[in-house]
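Q: Have a look at this one.
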Amino acid sequence: MINLESEICRKIRDARREAGISQSALSLEVGCKQSALSMFEQGDGTKLNESVVNALCKKFGIEIGNKEETVPAIRTSPVFSNERGFCPNPSCPSHERYEIEGRLYLKPDREKQDPAYGKFCAICGEVLEKQCPSCGRKLHEGAVCTYCGHKYVSV
Ligand SMILES: [Zn+2]
Ligand SMILES: [Zn+2]
């Protein structure tokens, strides 16, 4: 059994950002939910099962239990898009926060987060999502995908 310390979670998050891979693309690749990966990256090691964590570590050259930092060699080509993405990082200060019936919603401010149609959040540096991480459809204004009901930012 692996000791899923939050350090591993952080390493995986950093390696993913370094490689410029969005949470949705990576979760699709390793077969987990984007929301689970998001929570895992925030330090909740219970959100992903061991085989997924192993696959992530293998992909980014992270050795579990090894104190030495490994530099990921994976680089992906930049995304060119005329759509503004959103930042899936719940700790990003640019989200507008509101509550409906006691549930917290974070509405991404896409103009602030992706002013230049780029790849990374202009506020916190997270890799932007360019489509709904759940159904893959076009992004809407607001906090929730109007097609599938997915909350863009998992809180
Ligand atoms: Zn951000
Ligand atoms: Zn959707």
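Numbering starts fresh at 1 for the residues of each chain in the structure tokens, the chains themselves are lettered A, B, ... in the order given, and ligands are numbered from 1 as they appear.
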Residues within 12 Å of ligand 2 (only C-alpha atoms and all ligand atoms), as a list in words?
A: Ser24, Gln34, Glu129, Lys130, Gln131, Cys132, Pro133, Ser134, Cys135, Gly136, Arg137, Lys138, Leu139, His140, Ala143, Val144, Cys145, Thr146, Tyr147, Cys148, Gly149, His150, Lys151, Tyr152 and Val153 of chain A
Q: Name the residues of chain A that come out as alpha helix (DSSP H) in a backbone DSSP run; write them as a PyMOL selection string.
A: chain A and resi 6-19+23-30+34-41+50-60+110-113
Q: Would you mind exporting the chosen residues as a compact mmCIF listing (two decimals), in the first residue's frame, restricted to N, CA and C atoms?
A:
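Generated file (part-v7.txt):
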# COMPACT_ATOMS: atom_id res chain seq x y z
N SER A 6 0.39 14.09 0.97
CA SER A 6 0.01 15.23 0.13
C SER A 6 1.18 15.70 -0.73
N GLU A 7 2.39 15.29 -0.33
CA GLU A 7 3.55 15.64 -1.14
C GLU A 7 3.47 15.04 -2.54
N ILE A 8 3.01 13.78 -2.60
CA ILE A 8 2.83 13.13 -3.90
C ILE A 8 1.78 13.89 -4.72
N CYS A 9 0.71 14.27 -4.04
CA CYS A 9 -0.37 15.00 -4.72
C CYS A 9 0.19 16.28 -5.34
N ARG A 10 1.00 16.95 -4.54
CA ARG A 10 1.55 18.22 -5.01
C ARG A 10 2.53 18.00 -6.15
N LYS A 11 3.32 16.95 -6.03
CA LYS A 11 4.29 16.65 -7.09
C LYS A 11 3.59 16.38 -8.41
N ILE A 12 2.51 15.61 -8.32
CA ILE A 12 1.77 15.28 -9.54
C ILE A 12 1.17 16.54 -10.15
N ARG A 13 0.62 17.39 -9.28
CA ARG A 13 0.04 18.65 -9.77
C ARG A 13 1.11 19.50 -10.46
N ASP A 14 2.25 19.64 -9.80
CA ASP A 14 3.32 20.46 -10.36
C ASP A 14 3.83 19.90 -11.69
N ALA A 15 3.97 18.57 -11.73
CA ALA A 15 4.46 17.93 -12.95
C ALA A 15 3.46 18.12 -14.09
N ARG A 16 2.17 18.04 -13.75
CA ARG A 16 1.14 18.21 -14.79
C ARG A 16 1.17 19.64 -15.33
N ARG A 17 1.27 20.61 -14.42
CA ARG A 17 1.32 22.00 -14.86
C ARG A 17 2.56 22.27 -15.69
N GLU A 18 3.68 21.72 -15.20
CA GLU A 18 4.95 21.87 -15.90
C GLU A 18 4.84 21.34 -17.33
N ALA A 19 4.13 20.23 -17.46
CA ALA A 19 3.98 19.61 -18.78
C ALA A 19 2.87 20.28 -19.60
N GLN A 23 -6.20 19.22 -16.41
CA GLN A 23 -6.73 18.15 -15.56
C GLN A 23 -7.63 17.22 -16.35
N SER A 24 -8.45 17.80 -17.23
CA SER A 24 -9.39 16.94 -17.96
C SER A 24 -8.66 16.01 -18.93
N ALA A 25 -7.63 16.53 -19.59
CA ALA A 25 -6.88 15.69 -20.53
C ALA A 25 -6.18 14.56 -19.78
N LEU A 26 -5.61 14.88 -18.65
CA LEU A 26 -4.88 13.88 -17.89
C LEU A 26 -5.82 12.83 -17.28
N SER A 27 -6.96 13.30 -16.78
CA SER A 27 -7.88 12.35 -16.16
C SER A 27 -8.44 11.39 -17.20
N LEU A 28 -8.63 11.91 -18.41
CA LEU A 28 -9.09 11.06 -19.51
C LEU A 28 -8.04 9.99 -19.82
N GLU A 29 -6.80 10.41 -19.80
CA GLU A 29 -5.70 9.51 -20.15
C GLU A 29 -5.53 8.39 -19.12
N VAL A 30 -5.65 8.73 -17.85
CA VAL A 30 -5.41 7.70 -16.83
C VAL A 30 -6.70 7.05 -16.34
N GLN A 34 -12.18 14.12 -13.65
CA GLN A 34 -11.44 15.38 -13.49
C GLN A 34 -11.64 15.94 -12.09
N SER A 35 -12.86 15.81 -11.55
CA SER A 35 -13.11 16.36 -10.22
C SER A 35 -12.31 15.61 -9.15
N ALA A 36 -12.15 14.29 -9.36
CA ALA A 36 -11.36 13.49 -8.41
C ALA A 36 -9.89 13.90 -8.47
N LEU A 37 -9.41 14.11 -9.69
CA LEU A 37 -8.01 14.53 -9.85
C LEU A 37 -7.80 15.90 -9.20
N SER A 38 -8.77 16.78 -9.38
CA SER A 38 -8.68 18.12 -8.81
C SER A 38 -8.56 18.05 -7.28
N MET A 39 -9.40 17.22 -6.66
CA MET A 39 -9.37 17.10 -5.21
C MET A 39 -8.09 16.40 -4.74
N PHE A 40 -7.67 15.41 -5.52
CA PHE A 40 -6.41 14.73 -5.22
C PHE A 40 -5.25 15.72 -5.21
N GLU A 41 -5.22 16.56 -6.23
CA GLU A 41 -4.12 17.53 -6.34
C GLU A 41 -4.13 18.53 -5.19
N GLU A 50 -5.05 3.37 -6.25
CA GLU A 50 -3.61 3.15 -6.34
C GLU A 50 -3.11 3.01 -7.78
N SER A 51 -3.87 2.31 -8.62
CA SER A 51 -3.38 2.09 -9.98
C SER A 51 -3.33 3.40 -10.76
N VAL A 52 -4.28 4.29 -10.49
CA VAL A 52 -4.27 5.59 -11.16
C VAL A 52 -3.08 6.41 -10.70
N VAL A 53 -2.83 6.39 -9.38
CA VAL A 53 -1.70 7.14 -8.83
C VAL A 53 -0.39 6.59 -9.41
N ASN A 54 -0.30 5.27 -9.49
CA ASN A 54 0.90 4.66 -10.08
C ASN A 54 1.10 5.09 -11.52
N ALA A 55 0.00 5.13 -12.27
CA ALA A 55 0.08 5.54 -13.68
C ALA A 55 0.55 7.00 -13.79
N LEU A 56 0.04 7.84 -12.89
CA LEU A 56 0.43 9.25 -12.90
C LEU A 56 1.92 9.41 -12.56
N CYS A 57 2.36 8.66 -11.54
CA CYS A 57 3.76 8.75 -11.13
C CYS A 57 4.67 8.27 -12.25
N LYS A 58 4.25 7.20 -12.91
CA LYS A 58 5.04 6.65 -13.99
C LYS A 58 5.14 7.65 -15.14
N LYS A 59 4.02 8.25 -15.47
CA LYS A 59 3.97 9.20 -16.57
C LYS A 59 4.93 10.36 -16.34
N PHE A 60 4.95 10.86 -15.11
CA PHE A 60 5.75 12.05 -14.84
C PHE A 60 7.11 11.72 -14.24
N ARG A 110 -13.48 34.15 -16.70
CA ARG A 110 -12.64 33.69 -17.82
C ARG A 110 -11.85 34.82 -18.46
N GLU A 111 -12.39 36.04 -18.39
CA GLU A 111 -11.63 37.16 -18.96
C GLU A 111 -10.37 37.45 -18.16
N LYS A 112 -10.49 37.32 -16.85
CA LYS A 112 -9.33 37.55 -15.99
C LYS A 112 -8.33 36.39 -16.11
N GLN A 113 -8.88 35.16 -16.17
CA GLN A 113 -8.03 33.98 -16.12
C GLN A 113 -7.35 33.70 -17.45
Q: Compare A:Gly118, A:Pro108, A:Gly20, A:Gly102 by their minimum atom-to-atom distance to ligand 1, counting only C-alpha atoms and all ligand atoms, and give me the closest one.
A: A:Pro108
Q: Give as a list in words the residues surrounding ligand 1 up to a distance of 10 Å, considering only C-alpha atoms and all ligand atoms.
A: Phe86, Cys87, Pro88, Asn89, Pro90, Ser91, Cys92, Pro93, Ser94, His95, Pro108, Asp109, Arg110, Lys112, Gln113, Asp114, Phe120, Cys121, Ala122, Ile123, Cys124, Gly125, Glu126, Val127 and Leu128 of chain A
Q: Which residue is closest to A:Glu141? Choose from A:Lys33, A:Arg97, A:Lys107, A:Lys47 and count only C-alpha atoms.
A: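 Among the listed residues, A:Lys107 lies closest to A:Glu141.
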Q: Give the strand (DSSP E) residues of chain A, as DSSP finds them on the backbone, and put them as a ChimeraX atom specification.
A: /A:96-100,103-107
Q: Could you save the residues just selected, with C-alpha atoms, as a PDB file, in the first residue's frame?
A:
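To be explicit, this is the file written out as selection.pdb:
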ATOM      1  CA  GLU A  96     -16.519  34.743  -8.146  1.00  0.00           C
ATOM      2  CA  ARG A  97     -17.951  32.898  -5.122  1.00  0.00           C
ATOM      3  CA  TYR A  98     -21.621  32.548  -4.402  1.00  0.00           C
ATOM      4  CA  GLU A  99     -23.974  30.245  -2.583  1.00  0.00           C
ATOM      5  CA  ILE A 100     -27.247  28.711  -3.626  1.00  0.00           C
ATOM      6  CA  ARG A 103     -23.940  25.068  -1.606  1.00  0.00           C
ATOM      7  CA  LEU A 104     -20.860  26.949  -2.665  1.00  0.00           C
ATOM      8  CA  TYR A 105     -20.311  27.689  -6.319  1.00  0.00           C
ATOM      9  CA  LEU A 106     -17.258  29.186  -7.948  1.00  0.00           C
ATOM     10  CA  LYS A 107     -17.869  31.067 -11.150  1.00  0.00           C
TER      11      LYS A 107
END
Q: Please, what distance in Å, to one decimal, runs between atom CA of A:Gly45 and atom CA of A:Val155?
A: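 Taking atom CA of A:Gly45 and atom CA of A:Val155, their separation equals 15.7 Å.
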